[in-house]
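First comes the structure, then the notes that go with it.
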Amino acid sequence: MIRKKIALILIFFLAGCTLRNKINNPQDAVFSKHAPTVFKVLLETGKGDILIEVTRQWSPNGADRFYNLVRQGYYNNMAVFRVRAGVWVQFGIAASPKVAQVWRYKTIPDDPRTQSNVRGTVDYAFKDPDGRSTQVFINLRDNSAAHDTIPFVPFGKVIQGMAVADALYAGYGEKSGGGIRAGKQDDVFAGGNKYLRYNFPLLDYIKRARVVSR
């Protein structure tokens with residue numbers, strides 16, 4: 001019995017090590033998989049659950065990146081660090097500075113936009129052309145007038161839990177996200193959750209993100 005317990009502990013430990021090794025290596029083949037045509041991702045936050053339905057046809061590169069990062073645990077234990085009340089909420093800088101910096105410049109090519117940035121749509125944030133990496137935002141209102149001209153490209157939509165997204169802590173505004181544009185986030189990348197928890201203790205967190213069948 002004791003040997004079985006030790007064996008189980010060892011299996012879980014090795015599985016955890018393998019997961020960490022993969023998330024530290026963007027070149028691993030697991031990050032090159034094509035996402036299903038349609039899939040759902042559940043974000044379990046401290047305020048409740050948000051269910052996102054992703055449609056690969058809307059943004060193939062964006063959907064593939066999101067699918068593979070979620071499956072490898074990238075979005076677990078992650079701060080929703082940049083919130084403009086009633087406009088959008090943003091997350092996507094890893095809890096661990098090591099992981100965050102490994103992925104910071106691992107970008108994907110732009111996709112042509114096929115959907116408007118209406119309330120509930122989910123896009124990758126970016127600063128430069130072909131600059132999407134890991135940061136995601138949820139539109140809390142119809143932002144098509146501004147975002148459709150930039151080209152922010154929706155790859156999914158919240159189908160349950162918009163009230164949760166609306167309730168995520170917005171008191172810090174842009175301050176906790178490095179300013180108006182994403183190019184001023186060095187402190188967040190260097191310090192990860194430790195930096196955010198110390199300087200912005202009221203932020204909400206995604207406890208777990210996972211692909212679900214419901």
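Residues are named by chain letter and number: chains run A, B, ... in the order of the structure tokens, numbers start at 1 in each chain, and ligands are numbered from 1 in the order shown.
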
Show me, as a PDB file with N, CA and C atoms, in the first residue's frame, the residues that have an atom within 10 Å of stretch 101-115 of chain A when counting only C-alpha atoms, minus same-chain residues fewer than 2 positions from it.
```
ATOM      1  N   ILE A  23       5.884  24.250 -20.829  1.00  0.00           N
ATOM      2  CA  ILE A  23       5.485  25.648 -20.837  1.00  0.00           C
ATOM      3  C   ILE A  23       6.698  26.564 -20.891  1.00  0.00           C
ATOM      4  N   ASN A  24       7.852  26.071 -20.492  1.00  0.00           N
ATOM      5  CA  ASN A  24       9.092  26.843 -20.597  1.00  0.00           C
ATOM      6  C   ASN A  24       9.744  26.737 -21.963  1.00  0.00           C
ATOM      7  N   ASN A  25       9.144  25.948 -22.860  1.00  0.00           N
ATOM      8  CA  ASN A  25       9.759  25.701 -24.164  1.00  0.00           C
ATOM      9  C   ASN A  25       8.745  25.926 -25.279  1.00  0.00           C
ATOM     10  N   PRO A  26       8.605  27.159 -25.769  1.00  0.00           N
ATOM     11  CA  PRO A  26       7.636  27.445 -26.826  1.00  0.00           C
ATOM     12  C   PRO A  26       7.872  26.652 -28.115  1.00  0.00           C
ATOM     13  N   GLN A  27       9.079  26.098 -28.271  1.00  0.00           N
ATOM     14  CA  GLN A  27       9.364  25.323 -29.472  1.00  0.00           C
ATOM     15  C   GLN A  27       8.837  23.889 -29.405  1.00  0.00           C
ATOM     16  N   GLN A  57     -12.254  29.280 -37.237  1.00  0.00           N
ATOM     17  CA  GLN A  57     -12.373  29.972 -38.513  1.00  0.00           C
ATOM     18  C   GLN A  57     -12.273  31.485 -38.359  1.00  0.00           C
ATOM     19  N   TRP A  58     -12.668  31.995 -37.192  1.00  0.00           N
ATOM     20  CA  TRP A  58     -12.597  33.430 -36.976  1.00  0.00           C
ATOM     21  C   TRP A  58     -11.163  33.943 -36.974  1.00  0.00           C
ATOM     22  N   SER A  59     -10.248  33.141 -36.443  1.00  0.00           N
ATOM     23  CA  SER A  59      -8.851  33.561 -36.288  1.00  0.00           C
ATOM     24  C   SER A  59      -7.998  32.319 -36.042  1.00  0.00           C
ATOM     25  N   PRO A  60      -7.590  31.624 -37.111  1.00  0.00           N
ATOM     26  CA  PRO A  60      -6.890  30.340 -36.945  1.00  0.00           C
ATOM     27  C   PRO A  60      -5.636  30.423 -36.082  1.00  0.00           C
ATOM     28  N   ASN A  61      -4.797  31.414 -36.330  1.00  0.00           N
ATOM     29  CA  ASN A  61      -3.566  31.518 -35.540  1.00  0.00           C
ATOM     30  C   ASN A  61      -3.867  31.843 -34.081  1.00  0.00           C
ATOM     31  N   GLY A  62      -4.836  32.733 -33.862  1.00  0.00           N
ATOM     32  CA  GLY A  62      -5.205  33.089 -32.500  1.00  0.00           C
ATOM     33  C   GLY A  62      -5.841  31.929 -31.751  1.00  0.00           C
ATOM     34  N   ASP A  64      -5.460  28.680 -32.345  1.00  0.00           N
ATOM     35  CA  ASP A  64      -4.450  27.651 -32.081  1.00  0.00           C
ATOM     36  C   ASP A  64      -3.584  28.031 -30.887  1.00  0.00           C
ATOM     37  N   ARG A  65      -3.150  29.275 -30.839  1.00  0.00           N
ATOM     38  CA  ARG A  65      -2.301  29.722 -29.734  1.00  0.00           C
ATOM     39  C   ARG A  65      -3.054  29.599 -28.402  1.00  0.00           C
ATOM     40  N   TYR A  74      -0.911  27.461 -19.133  1.00  0.00           N
ATOM     41  CA  TYR A  74      -0.296  28.785 -19.116  1.00  0.00           C
ATOM     42  C   TYR A  74      -1.136  29.812 -18.351  1.00  0.00           C
ATOM     43  N   GLY A  92      -2.997  37.643 -19.303  1.00  0.00           N
ATOM     44  CA  GLY A  92      -2.129  36.920 -20.219  1.00  0.00           C
ATOM     45  C   GLY A  92      -0.647  36.965 -19.928  1.00  0.00           C
ATOM     46  N   ILE A  93      -0.226  37.651 -18.851  1.00  0.00           N
ATOM     47  CA  ILE A  93       1.171  37.604 -18.433  1.00  0.00           C
ATOM     48  C   ILE A  93       1.275  36.531 -17.357  1.00  0.00           C
ATOM     49  N   ALA A  94       2.106  35.541 -17.583  1.00  0.00           N
ATOM     50  CA  ALA A  94       2.168  34.360 -16.721  1.00  0.00           C
ATOM     51  C   ALA A  94       2.529  34.714 -15.285  1.00  0.00           C
ATOM     52  N   SER A  96       4.567  33.175 -13.346  1.00  0.00           N
ATOM     53  CA  SER A  96       6.008  33.035 -13.161  1.00  0.00           C
ATOM     54  C   SER A  96       6.754  33.973 -14.111  1.00  0.00           C
ATOM     55  N   PRO A  97       7.646  34.835 -13.590  1.00  0.00           N
ATOM     56  CA  PRO A  97       8.412  35.708 -14.470  1.00  0.00           C
ATOM     57  C   PRO A  97       9.212  34.938 -15.523  1.00  0.00           C
ATOM     58  N   LYS A  98       9.738  33.775 -15.153  1.00  0.00           N
ATOM     59  CA  LYS A  98      10.510  32.983 -16.102  1.00  0.00           C
ATOM     60  C   LYS A  98       9.654  32.596 -17.301  1.00  0.00           C
ATOM     61  N   VAL A  99       8.454  32.104 -17.025  1.00  0.00           N
ATOM     62  CA  VAL A  99       7.547  31.705 -18.102  1.00  0.00           C
ATOM     63  C   VAL A  99       7.089  32.924 -18.889  1.00  0.00           C
ATOM     64  N   ASN A 117     -15.862  43.602 -32.927  1.00  0.00           N
ATOM     65  CA  ASN A 117     -15.558  43.588 -31.490  1.00  0.00           C
ATOM     66  C   ASN A 117     -16.774  44.019 -30.671  1.00  0.00           C
ATOM     67  N   VAL A 118     -17.805  43.192 -30.721  1.00  0.00           N
ATOM     68  CA  VAL A 118     -19.007  43.464 -29.943  1.00  0.00           C
ATOM     69  C   VAL A 118     -18.796  42.956 -28.519  1.00  0.00           C
ATOM     70  N   THR A 121     -16.871  39.499 -27.071  1.00  0.00           N
ATOM     71  CA  THR A 121     -15.860  38.890 -27.936  1.00  0.00           C
ATOM     72  C   THR A 121     -14.497  38.922 -27.263  1.00  0.00           C
ATOM     73  N   PHE A 126      -2.268  43.403 -28.797  1.00  0.00           N
ATOM     74  CA  PHE A 126      -0.987  43.522 -29.506  1.00  0.00           C
ATOM     75  C   PHE A 126      -0.593  44.988 -29.586  1.00  0.00           C
ATOM     76  N   ASP A 128       2.223  45.810 -32.080  1.00  0.00           N
ATOM     77  CA  ASP A 128       2.774  45.948 -33.424  1.00  0.00           C
ATOM     78  C   ASP A 128       2.141  44.916 -34.355  1.00  0.00           C
ATOM     79  N   PRO A 129       2.237  45.115 -35.661  1.00  0.00           N
ATOM     80  CA  PRO A 129       1.751  44.103 -36.600  1.00  0.00           C
ATOM     81  C   PRO A 129       2.424  42.751 -36.341  1.00  0.00           C
ATOM     82  N   ASP A 130       1.675  41.685 -36.496  1.00  0.00           N
ATOM     83  CA  ASP A 130       2.159  40.325 -36.222  1.00  0.00           C
ATOM     84  C   ASP A 130       2.736  40.221 -34.818  1.00  0.00           C
ATOM     85  N   GLY A 131       2.137  40.945 -33.879  1.00  0.00           N
ATOM     86  CA  GLY A 131       2.694  41.033 -32.528  1.00  0.00           C
ATOM     87  C   GLY A 131       1.900  40.328 -31.446  1.00  0.00           C
ATOM     88  N   ARG A 132       0.894  39.528 -31.813  1.00  0.00           N
ATOM     89  CA  ARG A 132       0.114  38.834 -30.780  1.00  0.00           C
ATOM     90  C   ARG A 132       0.964  37.738 -30.144  1.00  0.00           C
ATOM     91  N   SER A 133       0.900  37.639 -28.815  1.00  0.00           N
ATOM     92  CA  SER A 133       1.680  36.594 -28.151  1.00  0.00           C
ATOM     93  C   SER A 133       0.804  35.800 -27.180  1.00  0.00           C
ATOM     94  N   THR A 134       0.540  36.337 -25.985  1.00  0.00           N
ATOM     95  CA  THR A 134      -0.224  35.579 -24.981  1.00  0.00           C
ATOM     96  C   THR A 134      -1.315  36.399 -24.311  1.00  0.00           C
ATOM     97  N   GLN A 135      -1.319  37.718 -24.502  1.00  0.00           N
ATOM     98  CA  GLN A 135      -2.254  38.564 -23.758  1.00  0.00           C
ATOM     99  C   GLN A 135      -3.607  38.653 -24.459  1.00  0.00           C
ATOM    100  N   SER A 144     -16.639  47.951 -31.373  1.00  0.00           N
ATOM    101  CA  SER A 144     -16.354  47.824 -32.810  1.00  0.00           C
ATOM    102  C   SER A 144     -15.925  49.143 -33.444  1.00  0.00           C
ATOM    103  N   ASP A 148     -12.350  47.761 -34.379  1.00  0.00           N
ATOM    104  CA  ASP A 148     -12.390  47.194 -35.725  1.00  0.00           C
ATOM    105  C   ASP A 148     -11.512  47.966 -36.693  1.00  0.00           C
ATOM    106  N   PRO A 151      -6.492  46.505 -36.333  1.00  0.00           N
ATOM    107  CA  PRO A 151      -7.443  45.397 -36.371  1.00  0.00           C
ATOM    108  C   PRO A 151      -7.289  44.393 -35.238  1.00  0.00           C
ATOM    109  N   PHE A 152      -8.033  44.571 -34.190  1.00  0.00           N
ATOM    110  CA  PHE A 152      -8.153  43.534 -33.173  1.00  0.00           C
ATOM    111  C   PHE A 152      -9.078  42.451 -33.724  1.00  0.00           C
ATOM    112  N   VAL A 153      -8.646  41.210 -33.603  1.00  0.00           N
ATOM    113  CA  VAL A 153      -9.328  40.099 -34.289  1.00  0.00           C
ATOM    114  C   VAL A 153      -9.953  39.137 -33.263  1.00  0.00           C
ATOM    115  N   PRO A 154     -11.276  39.143 -33.111  1.00  0.00           N
ATOM    116  CA  PRO A 154     -11.905  38.189 -32.199  1.00  0.00           C
ATOM    117  C   PRO A 154     -11.663  36.742 -32.643  1.00  0.00           C
ATOM    118  N   PHE A 155     -11.344  35.882 -31.666  1.00  0.00           N
ATOM    119  CA  PHE A 155     -11.223  34.450 -31.955  1.00  0.00           C
ATOM    120  C   PHE A 155     -12.261  33.641 -31.187  1.00  0.00           C
ATOM    121  N   GLY A 156     -12.997  34.311 -30.295  1.00  0.00           N
ATOM    122  CA  GLY A 156     -14.011  33.621 -29.514  1.00  0.00           C
ATOM    123  C   GLY A 156     -14.966  34.610 -28.886  1.00  0.00           C
ATOM    124  N   ASP A 186       7.314  46.109 -18.289  1.00  0.00           N
ATOM    125  CA  ASP A 186       8.527  45.426 -17.846  1.00  0.00           C
ATOM    126  C   ASP A 186       8.439  44.951 -16.402  1.00  0.00           C
ATOM    127  N   VAL A 188       5.831  44.058 -14.678  1.00  0.00           N
ATOM    128  CA  VAL A 188       4.947  42.902 -14.562  1.00  0.00           C
ATOM    129  C   VAL A 188       5.650  41.648 -15.063  1.00  0.00           C
ATOM    130  N   PHE A 189       6.341  41.748 -16.186  1.00  0.00           N
ATOM    131  CA  PHE A 189       7.068  40.596 -16.722  1.00  0.00           C
ATOM    132  C   PHE A 189       8.202  40.181 -15.795  1.00  0.00           C
ATOM    133  N   ALA A 190       8.862  41.140 -15.189  1.00  0.00           N
ATOM    134  CA  ALA A 190      10.010  40.825 -14.324  1.00  0.00           C
ATOM    135  C   ALA A 190       9.582  40.304 -12.959  1.00  0.00           C
ATOM    136  N   GLY A 192       6.122  39.222 -12.101  1.00  0.00           N
ATOM    137  CA  GLY A 192       5.035  38.255 -12.094  1.00  0.00           C
ATOM    138  C   GLY A 192       4.007  38.522 -10.999  1.00  0.00           C
TER     139      GLY A 192
END
```

**Study point:** Long-range neighbours of A:Thr45 as a list in words, 8 Å cut-off, only C-alpha atoms, 5 positions minimum in chain
**Key:**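 Non-adjacent residues within range: Ile50, Asp204, Tyr205, Ile206, Lys207 and Arg208 of chain A.
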
Those same residues, written as a short mmCIF file (atom, residue, chain, number, x, y, z; two decimals), in the first residue's frame with N, CA and C atoms?
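Saved file result-v8.cif follows:
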```cif
data_model
loop_
_atom_site.label_atom_id
_atom_site.label_comp_id
_atom_site.auth_asym_id
_atom_site.auth_seq_id
_atom_site.Cartn_x
_atom_site.Cartn_y
_atom_site.Cartn_z
N ILE A 50 -16.18 31.97 -16.20
CA ILE A 50 -16.42 32.59 -17.50
C ILE A 50 -16.20 31.51 -18.55
N ASP A 204 -8.18 40.65 -9.34
CA ASP A 204 -8.75 39.31 -9.43
C ASP A 204 -7.82 38.40 -10.22
N TYR A 205 -8.00 37.08 -10.01
CA TYR A 205 -7.13 36.08 -10.64
C TYR A 205 -7.94 34.97 -11.31
N ILE A 206 -7.37 34.45 -12.37
CA ILE A 206 -7.88 33.23 -12.98
C ILE A 206 -7.21 32.07 -12.24
N LYS A 207 -7.97 31.34 -11.49
CA LYS A 207 -7.40 30.22 -10.74
C LYS A 207 -7.02 29.07 -11.67
N ARG A 208 -7.84 28.86 -12.68
CA ARG A 208 -7.58 27.76 -13.61
C ARG A 208 -8.28 28.04 -14.93
#
```

**Study point:** DSSP alpha helix (DSSP H) residues within stretch 58-190 of chain A, as a ChimeraX atom specification
**Key:** /A:60-71,97-103,144-147,162-167,186-190

Keeping only N, CA and C atoms, take the residues you just selected and write them out as an mmCIF file, in the first residue's frame.
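In the end it all went to result28.cif:
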```cif
data_model
loop_
_atom_site.group_PDB
_atom_site.id
_atom_site.type_symbol
_atom_site.label_atom_id
_atom_site.label_comp_id
_atom_site.auth_asym_id
_atom_site.auth_seq_id
_atom_site.Cartn_x
_atom_site.Cartn_y
_atom_site.Cartn_z
ATOM 1 N N PRO A 60 -7.590 31.624 -37.111
ATOM 2 C CA PRO A 60 -6.890 30.340 -36.945
ATOM 3 C C PRO A 60 -5.636 30.423 -36.082
ATOM 4 N N ASN A 61 -4.797 31.414 -36.330
ATOM 5 C CA ASN A 61 -3.566 31.518 -35.540
ATOM 6 C C ASN A 61 -3.867 31.843 -34.081
ATOM 7 N N GLY A 62 -4.836 32.733 -33.862
ATOM 8 C CA GLY A 62 -5.205 33.089 -32.500
ATOM 9 C C GLY A 62 -5.841 31.929 -31.751
ATOM 10 N N ALA A 63 -6.726 31.187 -32.420
ATOM 11 C CA ALA A 63 -7.390 30.047 -31.786
ATOM 12 C C ALA A 63 -6.381 28.956 -31.438
ATOM 13 N N ASP A 64 -5.460 28.680 -32.345
ATOM 14 C CA ASP A 64 -4.450 27.651 -32.081
ATOM 15 C C ASP A 64 -3.584 28.031 -30.887
ATOM 16 N N ARG A 65 -3.150 29.275 -30.839
ATOM 17 C CA ARG A 65 -2.301 29.722 -29.734
ATOM 18 C C ARG A 65 -3.054 29.599 -28.402
ATOM 19 N N PHE A 66 -4.298 30.051 -28.364
ATOM 20 C CA PHE A 66 -5.074 29.994 -27.133
ATOM 21 C C PHE A 66 -5.302 28.553 -26.688
ATOM 22 N N TYR A 67 -5.674 27.705 -27.616
ATOM 23 C CA TYR A 67 -5.934 26.291 -27.326
ATOM 24 C C TYR A 67 -4.710 25.619 -26.717
ATOM 25 N N ASN A 68 -3.571 25.823 -27.325
ATOM 26 C CA ASN A 68 -2.357 25.152 -26.861
ATOM 27 C C ASN A 68 -1.867 25.706 -25.527
ATOM 28 N N LEU A 69 -1.960 26.998 -25.326
ATOM 29 C CA LEU A 69 -1.547 27.571 -24.044
ATOM 30 C C LEU A 69 -2.467 27.116 -22.910
ATOM 31 N N VAL A 70 -3.765 27.106 -23.171
ATOM 32 C CA VAL A 70 -4.707 26.654 -22.140
ATOM 33 C C VAL A 70 -4.419 25.206 -21.769
ATOM 34 N N ARG A 71 -4.230 24.338 -22.761
ATOM 35 C CA ARG A 71 -4.007 22.919 -22.496
ATOM 36 C C ARG A 71 -2.730 22.668 -21.707
ATOM 37 N N PRO A 97 7.646 34.835 -13.590
ATOM 38 C CA PRO A 97 8.412 35.708 -14.470
ATOM 39 C C PRO A 97 9.212 34.938 -15.523
ATOM 40 N N LYS A 98 9.738 33.775 -15.153
ATOM 41 C CA LYS A 98 10.510 32.983 -16.102
ATOM 42 C C LYS A 98 9.654 32.596 -17.301
ATOM 43 N N VAL A 99 8.454 32.104 -17.025
ATOM 44 C CA VAL A 99 7.547 31.705 -18.102
ATOM 45 C C VAL A 99 7.089 32.924 -18.889
ATOM 46 N N ALA A 100 6.744 33.985 -18.196
ATOM 47 C CA ALA A 100 6.261 35.197 -18.863
ATOM 48 C C ALA A 100 7.296 35.738 -19.842
ATOM 49 N N GLN A 101 8.555 35.750 -19.432
ATOM 50 C CA GLN A 101 9.584 36.314 -20.307
ATOM 51 C C GLN A 101 9.940 35.387 -21.463
ATOM 52 N N VAL A 102 9.804 34.088 -21.266
ATOM 53 C CA VAL A 102 10.034 33.145 -22.358
ATOM 54 C C VAL A 102 9.028 33.370 -23.482
ATOM 55 N N TRP A 103 7.780 33.682 -23.112
ATOM 56 C CA TRP A 103 6.705 33.815 -24.098
ATOM 57 C C TRP A 103 6.485 35.238 -24.585
ATOM 58 N N SER A 144 -16.639 47.951 -31.373
ATOM 59 C CA SER A 144 -16.354 47.824 -32.810
ATOM 60 C C SER A 144 -15.925 49.143 -33.444
ATOM 61 N N ALA A 145 -16.478 50.257 -32.978
ATOM 62 C CA ALA A 145 -16.135 51.542 -33.585
ATOM 63 C C ALA A 145 -14.648 51.843 -33.473
ATOM 64 N N ALA A 146 -14.035 51.469 -32.353
ATOM 65 C CA ALA A 146 -12.609 51.732 -32.148
ATOM 66 C C ALA A 146 -11.739 50.534 -32.532
ATOM 67 N N HIS A 147 -12.110 49.342 -32.080
ATOM 68 C CA HIS A 147 -11.238 48.179 -32.241
ATOM 69 C C HIS A 147 -11.265 47.588 -33.647
ATOM 70 N N MET A 162 -20.697 36.643 -18.465
ATOM 71 C CA MET A 162 -20.337 38.043 -18.703
ATOM 72 C C MET A 162 -20.503 38.894 -17.453
ATOM 73 N N ALA A 163 -21.450 38.525 -16.594
ATOM 74 C CA ALA A 163 -21.606 39.263 -15.337
ATOM 75 C C ALA A 163 -20.357 39.137 -14.474
ATOM 76 N N VAL A 164 -19.685 37.984 -14.562
ATOM 77 C CA VAL A 164 -18.430 37.786 -13.836
ATOM 78 C C VAL A 164 -17.349 38.687 -14.424
ATOM 79 N N ALA A 165 -17.254 38.707 -15.753
ATOM 80 C CA ALA A 165 -16.267 39.574 -16.414
ATOM 81 C C ALA A 165 -16.503 41.036 -16.040
ATOM 82 N N ASP A 166 -17.763 41.450 -16.000
ATOM 83 C CA ASP A 166 -18.092 42.828 -15.623
ATOM 84 C C ASP A 166 -17.659 43.151 -14.198
ATOM 85 N N ALA A 167 -17.654 42.129 -13.329
ATOM 86 C CA ALA A 167 -17.387 42.344 -11.907
ATOM 87 C C ALA A 167 -15.914 42.281 -11.537
ATOM 88 N N ASP A 186 7.314 46.109 -18.289
ATOM 89 C CA ASP A 186 8.527 45.426 -17.846
ATOM 90 C C ASP A 186 8.439 44.951 -16.402
ATOM 91 N N ASP A 187 7.863 45.784 -15.514
ATOM 92 C CA ASP A 187 7.770 45.400 -14.106
ATOM 93 C C ASP A 187 6.904 44.159 -13.908
ATOM 94 N N VAL A 188 5.831 44.058 -14.678
ATOM 95 C CA VAL A 188 4.947 42.902 -14.562
ATOM 96 C C VAL A 188 5.650 41.648 -15.063
ATOM 97 N N PHE A 189 6.341 41.748 -16.186
ATOM 98 C CA PHE A 189 7.068 40.596 -16.722
ATOM 99 C C PHE A 189 8.202 40.181 -15.795
ATOM 100 N N ALA A 190 8.862 41.140 -15.189
ATOM 101 C CA ALA A 190 10.010 40.825 -14.324
ATOM 102 C C ALA A 190 9.582 40.304 -12.959
#
```

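Distances from A:Gly191, A:Gly171, A:Gly73, A:Pro36 to A:Thr55 were compared using only C-alpha atoms, and the smallest one belongs to A:Pro36.
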
Exercise for review: Enumerate the residues of chain A with a DSSP assignment of strand (DSSP E), computed from the backbone, and present them as a ChimeraX atom specification.
Suggested key: /A:38-45,48-55,78-79,82-84,88-91,121-124,136-139,154-160,205-212

Write the residues of the selection above to a file with C-alpha atoms, as an mmCIF file, in the first residue's frame.
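Result written to out_7.cif:
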```cif
data_model
loop_
_atom_site.group_PDB
_atom_site.id
_atom_site.type_symbol
_atom_site.label_atom_id
_atom_site.label_comp_id
_atom_site.auth_asym_id
_atom_site.auth_seq_id
_atom_site.Cartn_x
_atom_site.Cartn_y
_atom_site.Cartn_z
ATOM 1 C CA VAL A 38 -14.991 24.897 -32.202
ATOM 2 C CA PHE A 39 -14.012 24.426 -28.556
ATOM 3 C CA LYS A 40 -14.838 25.890 -25.155
ATOM 4 C CA VAL A 41 -12.546 27.185 -22.432
ATOM 5 C CA LEU A 42 -13.636 27.663 -18.833
ATOM 6 C CA LEU A 43 -11.928 30.403 -16.840
ATOM 7 C CA GLU A 44 -12.366 29.762 -13.121
ATOM 8 C CA THR A 45 -11.903 33.126 -11.398
ATOM 9 C CA GLY A 48 -16.993 32.984 -10.668
ATOM 10 C CA ASP A 49 -16.703 31.157 -13.988
ATOM 11 C CA ILE A 50 -16.424 32.587 -17.499
ATOM 12 C CA LEU A 51 -17.099 30.232 -20.409
ATOM 13 C CA ILE A 52 -15.572 31.138 -23.768
ATOM 14 C CA GLU A 53 -16.489 29.479 -27.061
ATOM 15 C CA VAL A 54 -13.664 29.670 -29.611
ATOM 16 C CA THR A 55 -14.309 29.375 -33.351
ATOM 17 C CA MET A 78 -2.989 34.420 -13.525
ATOM 18 C CA ALA A 79 -3.902 38.000 -12.687
ATOM 19 C CA ARG A 82 -5.510 45.447 -16.724
ATOM 20 C CA VAL A 83 -9.162 46.458 -16.530
ATOM 21 C CA ARG A 84 -10.971 49.453 -17.915
ATOM 22 C CA TRP A 88 -12.490 45.568 -21.475
ATOM 23 C CA VAL A 89 -10.573 43.249 -19.164
ATOM 24 C CA GLN A 90 -7.106 41.928 -20.029
ATOM 25 C CA PHE A 91 -4.949 39.036 -18.842
ATOM 26 C CA THR A 121 -15.860 38.890 -27.936
ATOM 27 C CA VAL A 122 -12.344 37.766 -27.020
ATOM 28 C CA ASP A 123 -9.201 38.972 -28.820
ATOM 29 C CA TYR A 124 -5.441 38.923 -28.460
ATOM 30 C CA VAL A 136 -6.017 38.334 -24.168
ATOM 31 C CA PHE A 137 -8.868 40.757 -23.568
ATOM 32 C CA ILE A 138 -12.643 40.471 -23.299
ATOM 33 C CA ASN A 139 -14.758 43.297 -24.702
ATOM 34 C CA PRO A 154 -11.905 38.189 -32.199
ATOM 35 C CA PHE A 155 -11.223 34.450 -31.955
ATOM 36 C CA GLY A 156 -14.011 33.621 -29.514
ATOM 37 C CA LYS A 157 -16.918 34.891 -27.480
ATOM 38 C CA VAL A 158 -18.073 34.608 -23.881
ATOM 39 C CA ILE A 159 -21.218 32.473 -23.852
ATOM 40 C CA GLN A 160 -21.651 32.308 -20.069
ATOM 41 C CA TYR A 205 -7.130 36.079 -10.638
ATOM 42 C CA ILE A 206 -7.883 33.226 -12.978
ATOM 43 C CA LYS A 207 -7.399 30.215 -10.743
ATOM 44 C CA ARG A 208 -7.580 27.761 -13.614
ATOM 45 C CA ALA A 209 -8.253 27.763 -17.361
ATOM 46 C CA ARG A 210 -9.179 24.523 -19.087
ATOM 47 C CA VAL A 211 -10.742 23.156 -22.249
ATOM 48 C CA VAL A 212 -14.179 21.732 -21.457
#
```

Exercise for review: Measure the distance from atom CA of A:Gly86 to atom CA of A:Arg141 in Å and round it to one decimal.
Suggested key: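 Going from atom CA of A:Gly86 over to atom CA of A:Arg141, I get 6.4 Å.
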
Review point. When you draw a straight line from atom CA of A:Tyr169 to atom CA of A:Gln72, how long is it in Å?
Key: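 One can read the atom CA of A:Tyr169 to atom CA of A:Gln72 distance as 26.3 Å.
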
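Relative to atom CA of A:Lys194, atom CA of A:Lys175 is found at 16.1 Å.
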
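Nearest to A:Leu203 of all the residues A:Ser116, A:Asn76, A:Ser176, A:Asn143 is A:Ser176, based on only C-alpha atoms.
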